Every structure is written in C-alpha cells, then in structure tokens.
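Student: Dropping the structure in here first, questions after.
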Amino acid sequence: MTPSSSPSGRPAEAEISALRKNLRNARIAAREALPAAERAARSACIEAHLDALTARLAPCRLGFCWPWRGEVDLVPWVTRWLAADPARQAALPVVREPGRPMVFLRWQPGAPMTADHHGIPVPDGDAQIAPDLILVPLNAFDGAGFRLGYGGGYFDRTLAALAPAPLTAGVAFELARADTCWPQPHDQPMDWLVTEAGWWKAGAAFSGG
C-alpha cells in the first residue's frame with residue numbers, strides 16, 4: 001500500500017488501520033516462523049536482560065501474559081523469578097467483561113488453570129493482584145514505546161484505568177521492531193523495552209541494555 005498523506009505527512013486516518021493491520025500480521029508471521037533453536041537462543045538472551053531490568057526495578061508483584069501465537073514464553077523465567085523470593089507474586093491478565101479493563105489474577109506454578117475465550121490458559125481462581133510491573137507482549141513496537149497488540153484495546157484500556165499506574169516493560173523478539181506503529185490517541189506507551197538485543201528506557205537512544 002502506498003499511503004496518501006495529509007499536509008503533516010501522516011497518512012490519512014482511513015489508511016492507518018490498514019497500515020497497522022499489515023504490520024501486525026507481518027511481524028506475527030515472522031515470529032511464528034522462527035526455528036526452534038533460534039527461538040530458544042533469543043529467548044535466553046531476553047531472560048538475561050529481564051534479570052537485569054528486574055534487579056534495577058525490584059518489583060514484588062509481576063504481571064505477565066501466557067504466550068500466544070509464538071510470543072516470547074515467559075513462563076519458565078517467571079517460575080524462576082518467583083522461586084528466588086517467597087515474597088514475590090505473579091499474575092495473569094483476564095478479560096472479565098468485553099470493553100472493560102482486565103483484572104490480574106494470581107498465578108503460581110502448578111495452580112489450577114482454565115481457558116479463556118481464545119483458548120489461552122488463565123488462573124482458575126479469584127485472587128486479584130495489583131502488579132507493580134507488567135511485562136507486556138508486543139506484536140510490533142517502535143522506539144517511543146508504542147506497541148501493536150491484537151487490535152482489541154485490552155491493554156490500553158487496562159493501563160489507562162490502573163491507579164496507581166504500574167511500570168510496564170514491553171517484551172518481544174527484535175524482529176518486532178518498526179519505525180512507527182502509527183499510535184492512536186488512546187494508545188499507552190511502554191516505560192521499558194526488552195528484546196534479545198538488550199533493555200532500555202522507551203524513548204531513549206537504544207544502548208543495548
């Protein structure tokens with residue numbers, strides 16, 4: 001697609017959704033096509049960078065997502081993070097009502113799980129947690145910390161509603177990086193970004209972490 005532009009140089013609003021959809025689909029396809037050995041190597045680097053970032057931020061209550069469609073699998077790393085300190089807690093986001101902010105339900109290894117309407121495992125319980133750091137999956141991201149999810153607005157809606165606002169760290173393979181995600185007014189940028197290349201403050205010059 002060759003977008004038409006407004007005087008500001010930004011594509012017309014009618015075209016931005018198509019640009020976002022095409023970017024999302026291309027980066028998901030690239031992620032899903034990663035060979036297993038390469039995925040494992042990249043994931044190991046991401047886990048090392050998460051060790052460094054969480055050592056700096058020192059969260060006690062961590063939100064994360066169960067991997068879907070080839071996303072970075074954070075379950076092994078979160079399991080180790082929990083085991084290192086019994087005071088730590090982790091939680092997974094759950095959609096309770098369409099169009100409403102998600103809630104974070106406590107998760108721990110071996111906890112009973114059920115499936116949401118997408119078939120993604122979620123805790124089979126009611127213990128809610130307010131995370132102080134949320135690890136957010138990124139289908140695509142840009143240097144300013146804006147991201148593309150799956151188009152439902154779940155995270156943007158949730159992050160806008162949480163008070164006090166938690167810190168957020170977007171986590172993805174480097175292949176998700178884009179020049180822009182064409183952010184919308186309601187989009188919530190990440191505070192930090194983590195890939196196999198490093199970790200850094202969103203909006204800052206990339207230094208490799």
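Identifiers in the structure tokens: chain A, B, ... in order shown; residue index from 1 per chain; ligand index from 1 in order shown.
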Neighbouring residues of Asp116 in chain A were defined as those with any atom within 10 Å, considering only C-alpha atoms; residues of the same chain fewer than 3 positions away were excluded. Please report them as a ChimeraX atom specification.
Tutor: /A:94-96,113,119-123
Student: Show which residues sit within 12 Å of Lys21 in chain A, as a list of chain:residue names. Count only C-alpha atoms, and ignore same-chain residues fewer than 5 positions away.
Tutor: A:Met1, A:Glu15, A:Ile16, A:Ala26, A:Arg27, A:Ile28, A:Asn139, A:Ala140, A:Leu148, A:Gly149, A:Tyr150, A:Gly151, A:Gly152, A:Cys181, A:Trp182
Student: Please run DSSP on the backbone and report, as an NGL selection string, all residues within range 41-159 of chain A that come out as alpha helix (DSSP H).
Tutor: :A and (41-57 or 75-83 or 154-159)
Student: Looking at A:Phe146, A:Trp107, A:Phe173, A:Tyr154, which one is nearest to Val72 in chain A, with distances taken over only C-alpha atoms?
Tutor: A:Phe173
Student: Smallest atom-to-atom distance to Ala127 in chain A: which of A:Asp156, A:Ala40, A:Gly143, A:Pro93, using only C-alpha atoms?
Tutor: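 Checking each of A:Asp156, A:Ala40, A:Gly143, A:Pro93 against Ala127 in chain A, counting only C-alpha atoms, the winner is A:Pro93.
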Student: Neighbours of range 58-71 of chain A within 10 Å (only C-alpha atoms; same-chain residues fewer than 4 positions away dropped), as a compact mmCIF listing (two decimals) with all heavy atoms, in the first residue's frame?
Tutor:
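Output file selection-v2.txt is given in full below:
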# COMPACT_ATOMS: atom_id res chain seq x y z
N ILE A 28 3.80 -10.91 13.28
CA ILE A 28 3.37 -12.18 13.89
C ILE A 28 3.84 -13.35 13.04
O ILE A 28 4.35 -14.35 13.56
CB ILE A 28 1.84 -12.21 14.07
CG1 ILE A 28 1.40 -11.21 15.13
CG2 ILE A 28 1.37 -13.62 14.45
CD1 ILE A 28 -0.11 -11.08 15.28
N ALA A 29 3.69 -13.24 11.72
CA ALA A 29 4.12 -14.32 10.83
C ALA A 29 5.62 -14.57 10.95
O ALA A 29 6.07 -15.73 10.99
CB ALA A 29 3.75 -13.99 9.39
N ALA A 30 6.40 -13.50 11.03
CA ALA A 30 7.85 -13.66 11.18
C ALA A 30 8.20 -14.33 12.50
O ALA A 30 9.09 -15.19 12.56
CB ALA A 30 8.53 -12.30 11.08
N ARG A 31 7.49 -13.96 13.54
CA ARG A 31 7.72 -14.55 14.87
C ARG A 31 7.37 -16.04 14.88
O ARG A 31 8.11 -16.86 15.41
CB ARG A 31 6.86 -13.79 15.87
CG ARG A 31 7.00 -14.20 17.31
CD ARG A 31 6.12 -13.31 18.15
NE ARG A 31 4.70 -13.61 18.05
CZ ARG A 31 3.72 -12.73 18.29
NH1 ARG A 31 4.01 -11.49 18.61
NH2 ARG A 31 2.46 -13.10 18.19
N GLU A 32 6.24 -16.36 14.29
CA GLU A 32 5.81 -17.76 14.28
C GLU A 32 6.73 -18.63 13.43
O GLU A 32 6.80 -19.85 13.64
CB GLU A 32 4.38 -17.86 13.76
CG GLU A 32 3.35 -17.27 14.71
CD GLU A 32 1.93 -17.37 14.20
OE1 GLU A 32 1.72 -17.22 12.97
OE2 GLU A 32 1.02 -17.60 15.01
N ALA A 33 7.45 -18.03 12.49
CA ALA A 33 8.33 -18.78 11.60
C ALA A 33 9.72 -19.01 12.17
O ALA A 33 10.54 -19.69 11.55
CB ALA A 33 8.44 -18.05 10.26
N LEU A 34 10.02 -18.46 13.34
CA LEU A 34 11.35 -18.64 13.92
C LEU A 34 11.64 -20.13 14.16
O LEU A 34 10.84 -20.82 14.79
CB LEU A 34 11.45 -17.90 15.26
CG LEU A 34 11.72 -16.40 15.23
CD1 LEU A 34 11.65 -15.84 16.65
CD2 LEU A 34 13.08 -16.11 14.62
N ARG A 39 14.73 -19.54 18.26
CA ARG A 39 13.81 -19.02 19.28
C ARG A 39 14.38 -19.23 20.67
O ARG A 39 14.32 -18.33 21.53
CB ARG A 39 12.46 -19.73 19.15
CG ARG A 39 11.45 -19.37 20.24
CD ARG A 39 10.15 -20.14 20.05
NE ARG A 39 9.53 -19.77 18.80
CZ ARG A 39 8.74 -18.72 18.64
NH1 ARG A 39 8.47 -17.94 19.68
NH2 ARG A 39 8.21 -18.46 17.46
N ALA A 52 18.37 -8.45 34.54
CA ALA A 52 19.00 -7.16 34.82
C ALA A 52 17.97 -6.06 35.07
O ALA A 52 18.11 -5.25 35.99
CB ALA A 52 19.91 -6.78 33.66
N LEU A 53 16.91 -6.04 34.26
CA LEU A 53 15.90 -5.00 34.41
C LEU A 53 15.16 -5.13 35.74
O LEU A 53 14.95 -4.13 36.45
CB LEU A 53 14.91 -5.05 33.25
CG LEU A 53 13.77 -4.03 33.32
CD1 LEU A 53 14.30 -2.61 33.31
CD2 LEU A 53 12.78 -4.24 32.17
N THR A 54 14.76 -6.34 36.10
CA THR A 54 14.02 -6.51 37.35
C THR A 54 14.92 -6.31 38.56
O THR A 54 14.45 -5.90 39.62
CB THR A 54 13.33 -7.88 37.41
OG1 THR A 54 14.29 -8.93 37.16
CG2 THR A 54 12.21 -7.97 36.38
N VAL A 75 6.96 -18.01 30.86
CA VAL A 75 6.58 -18.87 31.98
C VAL A 75 7.80 -19.44 32.70
O VAL A 75 7.87 -19.38 33.94
CB VAL A 75 5.62 -19.98 31.53
CG1 VAL A 75 5.29 -20.93 32.68
CG2 VAL A 75 4.33 -19.37 30.97
N VAL A 78 9.47 -16.54 34.71
CA VAL A 78 8.66 -16.10 35.86
C VAL A 78 8.70 -17.15 36.96
O VAL A 78 8.76 -16.82 38.16
CB VAL A 78 7.21 -15.81 35.43
CG1 VAL A 78 6.33 -15.53 36.65
CG2 VAL A 78 7.16 -14.62 34.47
N TRP A 81 11.87 -16.58 38.73
CA TRP A 81 11.79 -15.31 39.45
C TRP A 81 11.01 -15.48 40.75
O TRP A 81 11.42 -14.98 41.81
CB TRP A 81 11.14 -14.26 38.55
CG TRP A 81 10.99 -12.90 39.16
CD1 TRP A 81 11.94 -11.92 39.22
CD2 TRP A 81 9.82 -12.37 39.78
NE1 TRP A 81 11.43 -10.80 39.86
CE2 TRP A 81 10.13 -11.05 40.21
CE3 TRP A 81 8.54 -12.87 40.02
CZ2 TRP A 81 9.20 -10.24 40.86
CZ3 TRP A 81 7.61 -12.07 40.67
CH2 TRP A 81 7.95 -10.77 41.08
N LEU A 82 9.92 -16.21 40.71
CA LEU A 82 9.14 -16.48 41.91
C LEU A 82 9.92 -17.32 42.91
O LEU A 82 9.88 -17.07 44.12
CB LEU A 82 7.83 -17.19 41.55
CG LEU A 82 6.75 -16.37 40.86
CD1 LEU A 82 5.63 -17.29 40.38
CD2 LEU A 82 6.19 -15.30 41.80
N ASP A 85 12.42 -15.73 45.62
CA ASP A 85 11.99 -14.93 46.77
C ASP A 85 10.54 -15.27 47.08
O ASP A 85 9.65 -14.97 46.28
CB ASP A 85 12.13 -13.44 46.47
CG ASP A 85 11.84 -12.55 47.68
OD1 ASP A 85 11.17 -13.03 48.63
OD2 ASP A 85 12.26 -11.38 47.66
N PRO A 86 10.26 -15.90 48.22
CA PRO A 86 8.88 -16.30 48.54
C PRO A 86 7.91 -15.13 48.70
O PRO A 86 6.69 -15.34 48.70
CB PRO A 86 9.03 -17.08 49.85
CG PRO A 86 10.33 -16.63 50.43
CD PRO A 86 11.21 -16.32 49.26
N ALA A 87 8.42 -13.91 48.85
CA ALA A 87 7.53 -12.76 48.98
C ALA A 87 7.00 -12.28 47.64
O ALA A 87 6.07 -11.47 47.59
CB ALA A 87 8.26 -11.61 49.67
N ARG A 88 7.57 -12.76 46.55
CA ARG A 88 7.15 -12.31 45.23
C ARG A 88 5.82 -12.96 44.81
O ARG A 88 5.52 -14.09 45.21
CB ARG A 88 8.22 -12.64 44.20
CG ARG A 88 9.49 -11.83 44.38
CD ARG A 88 10.59 -12.31 43.44
NE ARG A 88 11.78 -11.46 43.53
CZ ARG A 88 12.93 -11.73 42.94
NH1 ARG A 88 13.06 -12.84 42.22
NH2 ARG A 88 13.95 -10.90 43.07
N GLN A 89 5.08 -12.24 43.97
CA GLN A 89 3.83 -12.76 43.43
C GLN A 89 3.76 -12.45 41.94
O GLN A 89 4.33 -11.46 41.47
CB GLN A 89 2.62 -12.13 44.14
CG GLN A 89 2.51 -12.47 45.61
CD GLN A 89 1.29 -11.84 46.26
OE1 GLN A 89 0.86 -10.75 45.87
NE2 GLN A 89 0.72 -12.52 47.23
N ALA A 90 3.05 -13.30 41.21
CA ALA A 90 2.86 -13.10 39.78
C ALA A 90 1.39 -13.25 39.45
O ALA A 90 0.62 -13.90 40.18
CB ALA A 90 3.68 -14.10 38.97
N ALA A 91 0.98 -12.62 38.35
CA ALA A 91 -0.43 -12.64 37.97
C ALA A 91 -0.56 -12.59 36.46
O ALA A 91 0.31 -12.06 35.75
CB ALA A 91 -1.17 -11.46 38.59
N LEU A 92 -1.67 -13.15 35.97
CA LEU A 92 -2.00 -13.14 34.55
C LEU A 92 -3.25 -12.28 34.33
O LEU A 92 -4.16 -12.29 35.15
CB LEU A 92 -2.28 -14.56 34.04
CG LEU A 92 -1.08 -15.51 34.04
CD1 LEU A 92 -1.57 -16.95 33.84
CD2 LEU A 92 -0.11 -15.13 32.92
N PRO A 93 -3.31 -11.54 33.21
CA PRO A 93 -4.50 -10.72 32.94
C PRO A 93 -5.66 -11.57 32.44
O PRO A 93 -5.46 -12.53 31.69
CB PRO A 93 -4.01 -9.75 31.87
CG PRO A 93 -2.95 -10.51 31.14
CD PRO A 93 -2.28 -11.37 32.18
N VAL A 94 -6.85 -11.20 32.85
CA VAL A 94 -8.06 -11.93 32.47
C VAL A 94 -9.13 -10.93 32.06
O VAL A 94 -9.35 -9.92 32.74
CB VAL A 94 -8.58 -12.80 33.64
CG1 VAL A 94 -9.87 -13.52 33.25
CG2 VAL A 94 -7.52 -13.80 34.07
N PHE A 104 -6.06 -8.78 37.04
CA PHE A 104 -4.89 -9.65 37.15
C PHE A 104 -5.12 -10.65 38.27
O PHE A 104 -5.30 -10.27 39.43
CB PHE A 104 -3.63 -8.81 37.41
CG PHE A 104 -3.15 -8.09 36.19
CD1 PHE A 104 -3.69 -6.86 35.83
CD2 PHE A 104 -2.17 -8.65 35.38
CE1 PHE A 104 -3.25 -6.19 34.70
CE2 PHE A 104 -1.73 -7.99 34.24
CZ PHE A 104 -2.28 -6.77 33.90
N LEU A 105 -5.14 -11.93 37.90
CA LEU A 105 -5.37 -13.00 38.86
C LEU A 105 -4.05 -13.70 39.18
O LEU A 105 -3.24 -13.97 38.29
CB LEU A 105 -6.37 -14.02 38.31
CG LEU A 105 -7.77 -13.49 37.99
CD1 LEU A 105 -8.67 -14.64 37.53
CD2 LEU A 105 -8.39 -12.78 39.20
N ARG A 106 -3.88 -14.00 40.45
CA ARG A 106 -2.62 -14.58 40.90
C ARG A 106 -2.35 -15.91 40.21
O ARG A 106 -3.24 -16.75 40.07
CB ARG A 106 -2.61 -14.76 42.42
CG ARG A 106 -1.26 -15.23 42.94
CD ARG A 106 -1.19 -15.31 44.44
NE ARG A 106 0.13 -15.71 44.87
CZ ARG A 106 0.48 -15.91 46.13
NH1 ARG A 106 -0.43 -15.73 47.10
NH2 ARG A 106 1.70 -16.27 46.44
N TRP A 107 -1.09 -16.08 39.80
CA TRP A 107 -0.64 -17.32 39.19
C TRP A 107 0.61 -17.80 39.92
O TRP A 107 1.46 -16.99 40.31
CB TRP A 107 -0.28 -17.12 37.72
CG TRP A 107 0.31 -18.36 37.10
CD1 TRP A 107 -0.37 -19.42 36.57
CD2 TRP A 107 1.71 -18.68 36.98
NE1 TRP A 107 0.52 -20.38 36.12
CE2 TRP A 107 1.79 -19.95 36.36
CE3 TRP A 107 2.89 -18.02 37.34
CZ2 TRP A 107 3.01 -20.56 36.09
CZ3 TRP A 107 4.11 -18.63 37.08
CH2 TRP A 107 4.16 -19.89 36.46
N HIS A 118 -10.26 -17.30 23.96
CA HIS A 118 -9.28 -17.54 22.90
C HIS A 118 -8.60 -18.91 23.07
O HIS A 118 -7.82 -19.30 22.22
CB HIS A 118 -8.20 -16.46 22.91
CG HIS A 118 -8.69 -15.11 22.49
ND1 HIS A 118 -9.21 -14.85 21.24
CD2 HIS A 118 -8.73 -13.93 23.16
CE1 HIS A 118 -9.54 -13.57 21.15
NE2 HIS A 118 -9.27 -12.99 22.30
N GLY A 119 -8.88 -19.58 24.18
CA GLY A 119 -8.19 -20.83 24.47
C GLY A 119 -6.88 -20.64 25.20
O GLY A 119 -6.11 -21.58 25.36
N ILE A 120 -6.61 -19.42 25.69
CA ILE A 120 -5.37 -19.13 26.41
C ILE A 120 -5.56 -19.50 27.88
O ILE A 120 -6.58 -19.14 28.48
CB ILE A 120 -5.03 -17.63 26.28
CG1 ILE A 120 -4.88 -17.24 24.81
CG2 ILE A 120 -3.74 -17.32 27.05
CD1 ILE A 120 -4.73 -15.75 24.59
N PRO A 121 -4.60 -20.21 28.49
CA PRO A 121 -4.73 -20.56 29.91
C PRO A 121 -4.75 -19.33 30.81
O PRO A 121 -3.96 -18.40 30.63
CB PRO A 121 -3.48 -21.41 30.18
CG PRO A 121 -3.08 -21.94 28.84
CD PRO A 121 -3.41 -20.85 27.88
N VAL A 122 -5.67 -19.34 31.78
CA VAL A 122 -5.76 -18.29 32.79
C VAL A 122 -6.02 -18.95 34.13
O VAL A 122 -6.51 -20.08 34.19
CB VAL A 122 -6.89 -17.28 32.46
CG1 VAL A 122 -6.59 -16.53 31.18
CG2 VAL A 122 -8.23 -17.97 32.37
N ILE A 129 -4.48 -9.38 42.03
CA ILE A 129 -3.22 -8.74 42.41
C ILE A 129 -3.10 -7.44 41.61
O ILE A 129 -3.49 -7.39 40.44
CB ILE A 129 -2.03 -9.67 42.12
CG1 ILE A 129 -1.98 -10.81 43.13
CG2 ILE A 129 -0.70 -8.90 42.13
CD1 ILE A 129 -0.89 -11.81 42.85
N ALA A 130 -2.56 -6.42 42.23
CA ALA A 130 -2.24 -5.17 41.54
C ALA A 130 -0.74 -5.18 41.23
O ALA A 130 0.08 -4.92 42.12
CB ALA A 130 -2.61 -3.97 42.39
N PRO A 131 -0.33 -5.49 40.00
CA PRO A 131 1.10 -5.57 39.70
C PRO A 131 1.79 -4.22 39.82
O PRO A 131 1.19 -3.18 39.55
CB PRO A 131 1.13 -6.06 38.24
CG PRO A 131 -0.23 -6.60 37.97
CD PRO A 131 -1.16 -5.81 38.83
N ASP A 132 3.04 -4.24 40.24
CA ASP A 132 3.83 -3.01 40.18
C ASP A 132 4.71 -2.97 38.93
O ASP A 132 5.26 -1.92 38.59
CB ASP A 132 4.66 -2.77 41.46
CG ASP A 132 5.36 -4.00 41.97
OD1 ASP A 132 5.65 -4.90 41.16
OD2 ASP A 132 5.61 -4.07 43.18
N LEU A 133 4.82 -4.09 38.22
CA LEU A 133 5.48 -4.14 36.91
C LEU A 133 4.71 -5.14 36.06
O LEU A 133 4.43 -6.25 36.51
CB LEU A 133 6.94 -4.56 37.03
CG LEU A 133 7.68 -4.80 35.70
CD1 LEU A 133 7.80 -3.52 34.90
CD2 LEU A 133 9.07 -5.41 35.95
N ILE A 134 4.37 -4.75 34.83
CA ILE A 134 3.69 -5.64 33.90
C ILE A 134 4.58 -5.86 32.70
O ILE A 134 5.06 -4.90 32.07
CB ILE A 134 2.33 -5.07 33.45
CG1 ILE A 134 1.43 -4.80 34.65
CG2 ILE A 134 1.63 -6.05 32.49
CD1 ILE A 134 0.11 -4.15 34.28
N LEU A 135 4.82 -7.12 32.36
CA LEU A 135 5.56 -7.49 31.16
C LEU A 135 4.53 -7.69 30.04
O LEU A 135 3.72 -8.60 30.10
CB LEU A 135 6.36 -8.77 31.40
CG LEU A 135 7.33 -8.74 32.59
CD1 LEU A 135 8.06 -10.08 32.71
CD2 LEU A 135 8.33 -7.59 32.46
N VAL A 136 4.57 -6.81 29.06
CA VAL A 136 3.53 -6.74 28.04
C VAL A 136 4.07 -7.29 26.72
O VAL A 136 5.12 -6.84 26.25
CB VAL A 136 3.06 -5.29 27.83
CG1 VAL A 136 1.94 -5.23 26.79
CG2 VAL A 136 2.59 -4.69 29.16
N PRO A 137 3.39 -8.26 26.10
CA PRO A 137 3.85 -8.77 24.80
C PRO A 137 3.64 -7.74 23.70
O PRO A 137 2.68 -6.96 23.73
CB PRO A 137 2.98 -10.02 24.59
CG PRO A 137 1.74 -9.75 25.38
CD PRO A 137 2.17 -8.95 26.57
N LEU A 138 4.54 -7.75 22.72
CA LEU A 138 4.50 -6.79 21.62
C LEU A 138 4.46 -7.54 20.30
O LEU A 138 5.37 -8.31 20.00
CB LEU A 138 5.75 -5.91 21.64
CG LEU A 138 6.21 -5.33 22.99
CD1 LEU A 138 7.58 -4.67 22.82
CD2 LEU A 138 5.19 -4.34 23.51
N ASN A 139 3.43 -7.31 19.50
CA ASN A 139 3.46 -7.83 18.13
C ASN A 139 4.38 -6.97 17.27
O ASN A 139 5.07 -7.48 16.38
CB ASN A 139 2.06 -7.86 17.53
CG ASN A 139 1.19 -8.93 18.15
OD1 ASN A 139 1.67 -9.99 18.52
ND2 ASN A 139 -0.10 -8.65 18.28
N PRO A 166 1.09 1.07 37.15
CA PRO A 166 2.29 0.24 37.27
C PRO A 166 3.31 0.61 36.20
O PRO A 166 2.98 1.24 35.19
CB PRO A 166 1.75 -1.17 37.04
CG PRO A 166 0.61 -0.96 36.08
CD PRO A 166 -0.01 0.36 36.48
N LEU A 167 4.54 0.21 36.40
CA LEU A 167 5.52 0.28 35.33
C LEU A 167 5.22 -0.81 34.31
O LEU A 167 4.66 -1.86 34.64
CB LEU A 167 6.93 0.08 35.88
CG LEU A 167 7.50 1.20 36.75
CD1 LEU A 167 8.82 0.77 37.37
CD2 LEU A 167 7.67 2.48 35.95
N THR A 168 5.59 -0.54 33.06
CA THR A 168 5.38 -1.53 32.00
C THR A 168 6.69 -1.75 31.26
O THR A 168 7.46 -0.83 31.03
CB THR A 168 4.32 -1.05 31.00
OG1 THR A 168 4.69 0.23 30.48
CG2 THR A 168 2.95 -0.97 31.66
N ALA A 169 6.92 -3.00 30.90
CA ALA A 169 8.06 -3.36 30.08
C ALA A 169 7.56 -4.20 28.92
O ALA A 169 7.03 -5.29 29.12
CB ALA A 169 9.10 -4.13 30.88
N VAL A 171 7.93 -6.70 25.94
CA VAL A 171 8.86 -7.81 25.70
C VAL A 171 8.56 -8.42 24.34
O VAL A 171 7.41 -8.79 24.05
CB VAL A 171 8.75 -8.88 26.80
CG1 VAL A 171 9.76 -10.01 26.54
CG2 VAL A 171 8.99 -8.26 28.17
N ALA A 172 9.58 -8.53 23.51
CA ALA A 172 9.39 -9.09 22.16
C ALA A 172 10.72 -9.52 21.59
O ALA A 172 11.79 -9.14 22.09
CB ALA A 172 8.75 -8.05 21.24
N PHE A 173 10.65 -10.29 20.52
CA PHE A 173 11.84 -10.54 19.73
C PHE A 173 12.15 -9.27 18.92
O PHE A 173 11.26 -8.50 18.57
CB PHE A 173 11.63 -11.74 18.81
CG PHE A 173 11.40 -13.03 19.53
CD1 PHE A 173 10.19 -13.71 19.40
CD2 PHE A 173 12.37 -13.57 20.36
CE1 PHE A 173 9.96 -14.90 20.06
CE2 PHE A 173 12.15 -14.77 21.04
CZ PHE A 173 10.94 -15.43 20.88
Student: Determine which residues of range 11-192 of chain A DSSP labels as strand (DSSP E) from the backbone of this structure, then write them out as an MDAnalysis selection string.
Tutor: chainID A and resid 61:63 89:94 103:107 113:115 121:123 133:137 140:141 147:148 167:171 192
Student: Please measure the separation of CA of Ala144 in chain A and CA of Pro189 in chain A, giving the value in Å to one decimal.
Tutor: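 These two atoms are separated by 7.1 Å.
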Student: CA of Arg177 in chain A and CA of Phe141 in chain A, how far apart in Å?
Tutor: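 CA of Phe141 in chain A sits 5.1 Å away from CA of Arg177 in chain A.
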Student: Do you have, as a tab-separated table, the list of residues of range 22-105 of chain A lying at most 8 Å from range 191-197 of chain A, each with its nearest atom pair and that distance in Å to one decimal, counting only C-alpha atoms and ordered by chain then number?
Tutor:
residue	atom	partner	partner_atom	distance
A:Arg42	CA	A:Glu196	CA	5.4
A:Ser43	CA	A:Glu196	CA	6.8
A:Ala44	CA	A:Glu196	CA	7.8
A:Cys45	CA	A:Glu196	CA	4.9
A:Ile46	CA	A:Glu196	CA	4.6
A:His49	CA	A:Val194	CA	7.0
A:Leu50	CA	A:Val194	CA	7.3
Student: Which is closest to Pro101 in chain A among A:Thr114, A:Thr158, A:Gln188, A:Thr79, if we use only C-alpha atoms?
Tutor: A:Thr158
